[in-house]
file input-v9.txt (compact mmCIF, C-alpha atoms)
# COMPACT_ATOMS: atom_id res chain seq x y z
CA MET A 186 7.31 -32.92 -10.65
CA ASP A 187 8.23 -35.80 -8.32
CA ARG A 188 7.78 -35.86 -4.54
CA LEU A 189 11.38 -34.84 -3.79
CA GLN A 190 11.20 -31.89 -6.16
CA ARG A 191 7.95 -30.75 -4.56
CA LEU A 192 9.49 -31.03 -1.09
CA ARG A 193 12.49 -28.98 -2.22
CA ARG A 194 10.24 -26.28 -3.63
CA PHE A 195 8.14 -26.04 -0.48
CA GLY A 196 11.32 -26.08 1.62
CA LEU A 197 12.76 -23.21 -0.41
CA PHE A 198 9.49 -21.29 -0.16
CA THR A 199 9.40 -21.84 3.62
CA ALA A 200 12.96 -20.56 3.93
CA GLY A 201 11.98 -17.53 1.88
CA VAL A 202 9.05 -16.78 4.17
CA ALA A 203 11.28 -16.93 7.27
CA VAL A 204 14.03 -14.81 5.69
CA SER A 205 11.47 -12.24 4.53
CA ALA A 206 10.11 -12.01 8.08
CA GLY A 207 13.63 -11.39 9.36
CA GLY A 208 14.12 -8.67 6.77
CA ILE A 209 10.89 -6.94 7.76
CA ALA A 210 11.90 -7.09 11.42
CA PHE A 211 15.31 -5.53 10.71
CA ILE A 212 13.72 -2.76 8.64
CA THR A 213 11.17 -2.10 11.36
CA ARG A 214 13.73 -2.17 14.18
CA ALA A 215 15.77 0.44 12.31
CA ALA A 216 13.05 2.88 13.46
CA LEU A 217 12.97 4.50 10.03
CA GLY A 218 9.60 3.10 9.03
CA THR A 219 8.92 -0.38 7.70
CA SER A 220 8.23 -2.10 4.39
CA PRO A 221 5.15 -0.87 2.49
CA LEU A 222 3.22 -4.13 2.88
CA SER A 223 3.86 -4.11 6.65
CA SER A 224 3.24 -0.39 7.15
CA LEU A 225 -0.42 -0.62 8.17
CA PRO A 226 0.01 -3.59 10.54
CA PHE A 227 2.99 -1.86 12.15
CA VAL A 228 1.25 1.47 12.64
CA LEU A 229 -1.80 -0.27 14.10
CA SER A 230 0.48 -2.20 16.47
CA LEU A 231 1.82 1.15 17.72
CA ILE A 232 -1.72 2.37 18.39
CA THR A 233 -3.29 -0.75 19.92
CA PRO A 234 -2.07 -3.76 21.95
CA PRO A 235 -1.96 -6.53 19.28
CA SER A 236 1.50 -7.11 17.82
CA VAL A 237 2.57 -6.44 14.25
CA GLY A 238 2.55 -10.20 13.67
CA VAL A 239 -1.05 -10.50 14.84
CA TYR A 240 -2.13 -7.67 12.56
CA THR A 241 -0.10 -9.17 9.70
CA PHE A 242 -1.97 -12.47 10.08
CA ALA A 243 -5.35 -10.73 10.27
CA PHE A 244 -4.74 -8.59 7.19
CA ASN A 245 -3.43 -11.54 5.21
CA LEU A 246 -6.59 -13.49 6.01
CA LEU A 247 -8.57 -10.53 4.67
CA PHE A 248 -6.41 -10.55 1.52
CA LEU A 249 -7.01 -14.29 1.14
CA ALA A 250 -10.77 -13.80 1.50
CA ALA A 251 -10.69 -10.99 -1.06
CA GLU A 252 -8.79 -13.21 -3.49
CA ALA A 253 -11.34 -16.01 -3.02
CA VAL A 254 -14.23 -13.59 -3.66
CA LEU A 255 -12.48 -12.16 -6.71
CA ARG A 256 -11.76 -15.59 -8.18
CA ARG A 257 -15.10 -17.02 -6.96
CA THR A 258 -13.30 -20.13 -5.79
CA PHE A 259 -11.25 -21.40 -2.87
CA THR A 260 -8.79 -24.14 -3.75
CA ARG A 261 -6.51 -26.38 -1.71
CA MET A 262 -3.52 -24.32 -2.84
CA GLN A 263 -5.23 -21.17 -1.56
CA ALA A 264 -5.89 -22.92 1.76
CA LEU A 265 -2.16 -23.66 2.00
CA GLN A 266 -1.58 -19.93 2.25
CA ILE A 267 -3.01 -19.99 5.79
CA PRO A 268 -0.27 -22.04 7.55
CA PHE A 269 2.45 -20.16 5.68
CA THR A 270 0.84 -16.87 6.65
CA LEU A 271 0.85 -18.04 10.26
CA LEU A 272 4.55 -18.93 9.96
CA PHE A 273 5.26 -15.53 8.41
CA SER A 274 3.38 -13.66 11.14
CA VAL A 275 4.87 -15.62 14.03
CA SER A 276 8.36 -15.23 12.53
CA ILE A 277 7.94 -11.45 12.32
CA ASP A 278 7.05 -11.27 16.02
CA LEU A 279 9.89 -13.63 16.93
CA PHE A 280 12.48 -11.60 15.05
CA MET A 281 11.03 -8.36 16.42
CA TRP A 282 11.59 -9.79 19.90
CA LEU A 283 15.15 -10.98 19.13
CA ILE A 284 16.40 -7.87 17.31
CA PRO A 285 17.01 -4.81 19.52
CA THR A 286 15.40 -1.58 18.39
CA GLN A 287 17.44 1.37 17.18
CA LEU A 288 14.72 3.86 18.13
CA HIS A 289 17.18 5.89 20.21
CA GLY A 290 20.31 4.61 18.49
CA PRO A 291 22.71 6.52 16.23
CA TYR A 292 21.54 7.22 12.70
CA PRO A 293 24.35 5.18 11.04
CA MET A 294 23.18 2.11 12.97
CA LYS A 295 19.61 2.76 11.83
CA VAL A 296 20.83 2.87 8.23
CA LEU A 297 22.80 -0.36 8.73
CA TYR A 298 19.69 -2.11 10.08
CA LEU A 299 17.68 -0.78 7.14
CA LEU A 300 20.21 -2.03 4.59
CA VAL A 301 20.46 -5.46 6.24
CA GLY A 302 16.67 -5.64 6.33
CA CYS A 303 16.30 -4.74 2.66
CA GLY A 304 18.94 -7.32 1.74
CA LEU A 305 17.18 -10.04 3.71
CA LEU A 306 13.74 -9.11 2.41
CA GLY A 307 14.99 -9.15 -1.17
CA LEU A 308 16.58 -12.56 -0.62
CA GLY A 309 13.43 -13.91 1.02
CA VAL A 310 11.21 -12.77 -1.83
CA THR A 311 13.65 -14.31 -4.32
CA LEU A 312 13.50 -17.69 -2.56
CA GLU A 313 9.71 -17.53 -2.46
CA VAL A 314 9.54 -16.78 -6.19
CA LEU A 315 12.05 -19.47 -7.12
CA GLY A 316 10.14 -21.99 -4.99
CA ASP A 317 7.20 -21.38 -7.34
CA VAL A 318 4.58 -23.29 -5.34
CA ILE A 319 2.21 -20.77 -3.76
CA MET A 320 2.22 -17.07 -2.86
CA LEU A 321 1.48 -15.31 0.39
CA PRO A 322 -2.00 -13.71 0.37
CA GLY A 323 -0.83 -10.14 -0.30
CA GLU A 324 0.97 -11.08 -3.53
CA ALA A 325 -1.72 -13.61 -4.43
CA LEU A 326 -4.40 -10.91 -4.22
CA VAL A 327 -2.29 -8.58 -6.36
CA ARG A 328 -1.92 -11.36 -8.95
CA ALA A 329 -5.67 -11.99 -8.93
CA ILE A 330 -6.42 -8.29 -9.42
CA SER A 331 -3.83 -8.14 -12.20
CA GLN A 332 -5.34 -11.12 -14.01
CA LYS A 333 -8.91 -9.88 -13.66
CA SER A 334 -8.14 -6.29 -14.65
CA HIS A 335 -5.52 -7.14 -17.30
CA VAL A 336 -3.19 -4.59 -15.68
CA PRO A 337 0.48 -5.69 -15.36
CA PHE A 338 1.37 -7.25 -12.00
CA HIS A 339 4.05 -4.70 -11.13
CA ARG A 340 1.66 -1.78 -11.66
CA VAL A 341 -1.02 -3.33 -9.45
CA LYS A 342 1.68 -4.11 -6.87
CA VAL A 343 2.83 -0.48 -6.76
CA LEU A 344 -0.77 0.75 -6.39
CA PHE A 345 -1.55 -1.87 -3.73
CA ASP A 346 1.54 -1.07 -1.63
CA SER A 347 1.03 2.68 -2.06
CA THR A 348 -2.57 2.41 -0.87
CA LEU A 349 -1.57 0.50 2.27
CA THR A 350 1.21 2.99 2.98
CA LEU A 351 -1.14 5.95 2.52
CA ILE A 352 -3.71 4.45 4.89
CA ALA A 353 -0.92 3.78 7.41
CA ALA A 354 0.29 7.37 7.12
CA VAL A 355 -3.21 8.73 7.72
CA ALA A 356 -3.66 6.43 10.72
CA ALA A 357 -0.33 7.56 12.17
CA LEU A 358 -1.18 11.24 11.69
CA LEU A 359 -4.57 10.80 13.35
CA ALA A 360 -3.11 8.84 16.28
CA PHE A 361 0.20 10.64 16.86
CA GLY A 362 0.10 13.84 14.84
CA ARG A 363 3.22 12.66 12.98
CA LEU A 364 4.32 9.85 10.70
CA ASN A 365 5.26 7.22 13.26
CA GLY A 366 6.02 3.99 11.40
CA VAL A 367 6.05 5.55 7.93
CA LYS A 368 9.36 7.28 7.27
CA GLU A 369 12.29 7.35 4.86
CA GLY A 370 12.94 3.65 5.45
CA THR A 371 9.57 2.82 3.92
CA LEU A 372 10.55 4.60 0.72
CA VAL A 373 14.00 2.98 0.67
CA ALA A 374 12.46 -0.47 1.11
CA ALA A 375 9.92 0.21 -1.65
CA LEU A 376 12.68 1.25 -4.07
CA ALA A 377 15.41 -1.22 -3.09
CA VAL A 378 13.74 -4.61 -2.71
CA GLY A 379 12.67 -5.02 -6.35
CA PRO A 380 16.16 -4.40 -7.80
CA LEU A 381 17.67 -6.64 -5.12
CA VAL A 382 15.32 -9.45 -6.14
CA ASN A 383 16.55 -9.07 -9.73
CA VAL A 384 20.19 -9.27 -8.57
CA TYR A 385 19.60 -12.31 -6.37
CA THR A 386 17.65 -14.04 -9.14
CA ARG A 387 20.49 -13.57 -11.62
CA CYS A 388 23.09 -14.77 -9.10
CA LEU A 389 21.22 -17.60 -7.37
CA GLY A 390 18.52 -18.51 -9.87
CA PRO A 391 20.44 -20.85 -12.22
CA SER A 392 21.99 -23.01 -9.47
CA LEU A 393 18.82 -23.13 -7.37
CA ARG A 394 16.69 -24.07 -10.37
CA ARG A 395 19.09 -26.91 -11.22
CA TRP A 396 18.85 -28.14 -7.63
CA LEU A 397 15.07 -27.86 -7.58
CA ASP A 398 14.64 -29.75 -10.83
CA ALA A 399 17.25 -32.44 -10.15
CA PRO A 400 15.59 -35.87 -10.09
CA ALA A 401 15.86 -38.18 -7.12
CA VAL A 402 18.96 -40.38 -7.26
call {"tool": "encode", "arguments": {"input": "input-v9.txt", "output": "structure tokens"}}
result
Amino acid sequence: MDRLQRLRRFGLFTAGVAVSAGGIAFITRAALGTSPLSSLPFVLSLITPPSVGVYTFAFNLLFLAAEAVLRRTFTRMQALQIPFTLLFSVSIDLFMWLIPTQLHGPYPMKVLYLLVGCGLLGLGVTLEVLGDVIMLPGEALVRAISQKSHVPFHRVKVLFDSTLTLIAAVAALLAFGRLNGVKEGTLVAALAVGPLVNVYTRCLGPSLRRWLDAPAV
């Protein structure tokens, strides 16, 4: 891989991180819950002053530390997860500030926000995967657990996301007596993003891979 190809891949991954953050913000601003991976940071941001982006950064650092412990190593590529995690977290807060909430809006508008958010999150994840350089800490930890346990990645991913969502639901019930931050939108996001990634990959994958692998002229 030459320097230009590497720059393209990191550029595509960076775009994917930003688009994913926008998708999470739209899902969250729909006021129908949020994505499973963001459910615990979001619920905690409703309970305490730090923003969802701050909690996202903190949890991702914990995931990165857990991955390092599990692998018993900390490489330069793992260290690169930190600035991208910071970009991801700051982007979530920025988009949350830019996008108006639909907390008291009509239900059809909530659904529209949710669908836009799922579409953006699916696209962002697709770009991150096609970039194929590093992973954000949450997915990297899931991959490490999968490799160490010899359990397929998608099964570990479902268990990982479900555990975070369950903890978020318990925290919401204890704090509010109801499921603030964990609602039908969380389930929709969990079910929709994976198939959307498959669709985007089929549609965009061939052309993007040709562009990524094209040699410098």
call {"tool": "residues_near_point", "arguments": {"input": "input-v9.txt", "point": "(-5.8, -24.1, 0.3)", "cutoff": "12 Å", "atoms": "all atoms listed in the file", "output": "PyMOL selection string"}}
result
chain A and resi 249-250+252-253+258-270+318-322
call {"tool": "residues_around", "arguments": {"input": "input-v9.txt", "residues": "A:Trp282", "least_positions_apart": "4", "cutoff": "10 Å", "atoms": "all atoms listed in the file", "output": "number ranges by chain"}}
result
A: 210, 214, 276-278, 286
call {"tool": "closest_residue", "arguments": {"input": "input-v9.txt", "among": "A:Gln287, A:Thr386, A:Ser347, A:Ser392", "to": "A:Ala216", "atoms": "all atoms listed in the file"}}
result
A:Gln287
call {"tool": "closest_residue", "arguments": {"input": "input-v9.txt", "among": "A:Leu308, A:Val343, A:Ala206, A:Ala329", "to": "A:Gly390", "atoms": "only C-alpha atoms"}}
result
A:Leu308
call {"tool": "residues_near_point", "arguments": {"input": "input-v9.txt", "point": "(8.7, 4.3, 9.1)", "cutoff": "8 Å", "atoms": "only C-alpha atoms", "output": "list in words"}}
result
Thr213, Ala216, Leu217, Gly218, Thr219, Ser220, Ser224, Leu364, Asn365, Gly366, Val367, Lys368, Glu369, Gly370 and Thr371 of chain A
call {"tool": "atom_distance", "arguments": {"input": "input-v9.txt", "atom1": "atom CA of A:Arg363", "atom2": "atom CA of A:Thr348"}}
result
18.2 Å
call {"tool": "residues_around", "arguments": {"input": "input-v9.txt", "residues": "stretch 289-306 of chain A", "least_positions_apart": "4", "cutoff": "6 Å", "atoms": "only C-alpha atoms", "output": "PyMOL selection string"}}
result
chain A and resi 205+208+211-212+215+374+378
call {"tool": "closest_residue", "arguments": {"input": "input-v9.txt", "among": "A:Val384, A:Ala251, A:Leu315, A:Met281", "to": "A:Val327", "atoms": "all atoms listed in the file"}}
result
A:Ala251
call {"tool": "residues_around", "arguments": {"input": "input-v9.txt", "residues": "A:Arg194", "least_positions_apart": "5", "cutoff": "7 Å", "atoms": "all atoms listed in the file", "output": "PyMOL selection string"}}
result
chain A and resi 316-318+397
call {"tool": "residues_around", "arguments": {"input": "input-v9.txt", "residues": "A:Ile330", "least_positions_apart": "4", "cutoff": "12 Å", "atoms": "only C-alpha atoms", "output": "MDAnalysis selection string"}}
result
chainID A and resid 248 251:256 323:326 334:342 344:345
call {"tool": "closest_residue", "arguments": {"input": "input-v9.txt", "among": "A:Pro221, A:Pro235, A:Val314, A:Asp187", "to": "A:Arg394", "atoms": "all atoms listed in the file"}}
result
A:Val314
call {"tool": "closest_residue", "arguments": {"input": "input-v9.txt", "among": "A:Pro391, A:Gly379, A:Gly309, A:Pro400", "to": "A:Ala200", "atoms": "only C-alpha atoms"}}
result
A:Gly309
call {"tool": "closest_residue", "arguments": {"input": "input-v9.txt", "among": "A:Ala377, A:Leu312, A:Val275, A:Ile232", "to": "A:Leu389", "atoms": "all atoms listed in the file"}}
result
A:Leu312
call {"tool": "atom_distance", "arguments": {"input": "input-v9.txt", "atom1": "atom CA of A:Ala399", "atom2": "atom CA of A:Arg193"}}
result
9.9 Å
call {"tool": "atom_distance", "arguments": {"input": "input-v9.txt", "atom1": "atom CA of A:Asp398", "atom2": "atom CA of A:Ala203"}}
result
22.4 Å
